[in-house]
Structures are given as C-alpha cells and as structure tokens.
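Below is one structure, written out as structure tokens; comments come after it.
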Amino acid sequence: ENFNCQEISRNFTNHILQAMKSSLFDQIHYSLSRKIFWMDGMGNTYAEMTLNHTNVQNLLKQNQHFDLVIFHQFMTDSYNGFCYHFKAPCIAVTSMTTTSWTNRKVGNPGPPSYVPQLFVNYPAQMNFFQRFHNTIAYILAELSHHLYSRPYQNKLLQKYFPNAPHLDDLYYNTSLILVNSHVITLKKRRNLALILQNHSKMNWRAIVKLWRSRI
C-alpha cells in the first residue's frame with residue numbers, strides 16, 4: 001500500500017541522558033506527593049524539549065497532509081496540537097499499561113477502590129488501609145494534573161501551535177490508545193474498546209493497518 005510516513009528522531013545529548021538517569025534513581029526515595037509532582041514535571045520538560053526540537057519545528061513549517069498522527073503518550077497532552085495542526089485523528093502509544101494519564105484522555109474507568117495507582121505497589125485485592133492510601137494517591141495525581149501539568153501543557157500548546165484552541169477543547173481528541181500490557185496481568189480491570197493491549201510495540205505500518213481495519 002502507499003504509505004507516507006514522517007518520523008521525527010530525537011537525539012538527546014549525553015548530559016541530558018545522565019540527568020534522566022540521576023532523576024529516575026533519586027525519585028525512589030521521594031515521598032508520594034513529590035513523586036507525582038516529579039513525574040508531571042518530567043513530562044512537561046520533555047514535551048517542551050521535543051516541541052522545541054529543530055526537526056519538529058521544520059515539520060510544522062511544511063505544508064504537508066497526514067491521515068493519521070501517532071505519538072507517545074507520557075504527560076504530553078500538548079502533542080494533541082499535532083492532530084489539530086494536521087487535521088488528523090490521534091493515536092496514542094504508551095510503553096506502560098493503562099495509567100491515569102491514558103485513562104483521562106478517553107474516560108477509561110480506573111477507580112482507586114480496585115485499580116492501584118502508579119506509585120503505590122498494591123495488588124488488586126487491597127485491604128481498607130491500602131484502598132485509603134491508594135485513594136489519597138489518586139486525589140494527589142488529579143490535583144497535580146489539573147493545577148500544574150494541564151495548565152503548563154496548554155501553555156506549550158499555545159506557544160508551539162499558534163491559533164490552537166485551549167487544551168480543554170483538544171484533550172479528548174484521541175481515537176485509539178495502544179498500551180503495553182496483557183489481560184492476564186490486569187486482574188479485575190475493564191478497559192474501553194478503544195484501548196488495545198499488547199500493541200504498543202507495533203511498527204507504524206502495522207498501526208496504520210490496524211487503524212484502517214477499525215474504521
């Protein structure tokens with residue numbers, strides 16, 4: 001078939017890679033609230049680094065048309081600007097299982113009563129104390145998202161995609177999410193039909209064919 005794919009490579013310098021490694025190891029000792037804030041901050045930082053990259057800026061200046069935009073979803077809600085800019089459907093890919101930042105995009109259920117949050121290592125069968133702690137983690141993640149991450153991502157959207165609407169108007173513009181998990185590892189968790197498990201390692205040709213088979 002006739003595919004026209006524009007891939008954007010991202011070359012991180014050595015000092016940035018070292019900073020990433022150091023940050024990943026340091027956060028092990030953080031408190032729960034600091035871990036959540038650190039994760040949102042890391043997403044904001046790397047989203048801006050990507051949008052400010054020369055390859056990305058050159059792509060946005062070209063008068064091209066794409067039928068589909070595929071991007072990695074990791075605290076990067078400003079990437080929905082690509083779908084707005086190219087007037088194409090969005091497919092998000094994540095190397096993890098379903099998380100709060102993927103569930104929010106499509107309204108996928110993830111109640112803290114039986115779905116453990118990212119930074120609490122609890123089983124699906126939680127006792128009362130674990131559910132209470134998990135609920136606190138859920139509330140902290142929601143507060144960090146709505147008060148810190150989402151406003152910052154909207155600033156990036158307005159900065160790198162001029163004339164784009166507010167992020168709230170583009171936030172839910174995601175047609176499909178491919179996650180790196182399997183039904184046998186997610187006990188007692190239901191996902192919407194637009195969340196496909198065990199598909200995150202597909203190459204872009206396979207993703208396009210999958211998309212065409214579902215429309």
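Every chain in the structure tokens takes a letter, A first, then B, and so on in the order presented; its residues are numbered from 1, and the ligands are numbered from 1 following the presented order.
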Residue neighbourhood Ser113 (chain A), 12 Å, only C-alpha atoms, exclusion window fewer than 3 positions, as a PyMOL selection string: chain A and resi 109-110+116-117+122-138+188-189
Go through region 22-187 of chain A and collect every residue that DSSP, computed from the backbone, puts in strand (DSSP E); the answer should be as a VMD selection string. chain A and resid 69 to 72 90 to 93 176 to 179
Test item: residues at most 9 Å from region 142-144 of chain A, only C-alpha atoms, excluding those fewer than 3 positions along its chain, as a list of chain:residue names: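 Listing them by chain and then by number gives A:Ser33, A:Ile36, A:Phe37, A:Asp40, A:Ser100, A:Ala137, A:Tyr138, A:Ile139, A:Leu147, A:Tyr148, A:Ser149, A:Arg150.
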With a cut-off of 10 Å, could you pull out the residues of region 88-110 of chain A touching region 156-173 of chain A and give me the nearest pair of atoms for each, distance in Å to one decimal, using only C-alpha atoms, ordered by chain and ascending number, as CSV?
```
residue,atom,partner,partner_atom,distance
A:Ala88,CA,A:Asn173,CA,9.9
A:Pro89,CA,A:Asn173,CA,7.5
A:Cys90,CA,A:Asn173,CA,6.6
A:Ile91,CA,A:Asn173,CA,9.2
A:Arg104,CA,A:Tyr172,CA,8.1
A:Lys105,CA,A:Tyr172,CA,5.1
A:Val106,CA,A:Tyr172,CA,6.0
A:Gly107,CA,A:Tyr172,CA,8.4
```
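In this model, the gap between CA of Ala47 (chain A) and CA of Pro151 (chain A) comes to 13.3 Å.
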Measuring atom to atom with only C-alpha atoms, identify which of A:Leu51, A:Met42, A:Thr174, A:Val120 is nearest to Tyr84 (chain A).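 Nearest candidate to Tyr84 (chain A) out of A:Leu51, A:Met42, A:Thr174, A:Val120: A:Thr174.
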What is the CA of Thr76 (chain A) to CA of Leu140 (chain A) distance in Å? 18.6 Å
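Considering only C-alpha atoms, the residue among A:Asn108, A:Val179, A:Leu118, A:Lys155 positioned nearest to Leu192 (chain A) is A:Asn108.
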Which parts of region 53-94 of chain A does DSSP call alpha helix (DSSP H) when run on the backbone here, written out as a list in words?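 Here are the alpha helix (DSSP H) residues of region 53-94 of chain A: Thr54, Asn55, Val56, Gln57, Asn58, Leu59, Leu60, Lys61, Asn80, Gly81, Phe82, Cys83, Tyr84, His85 and Phe86 of chain A.
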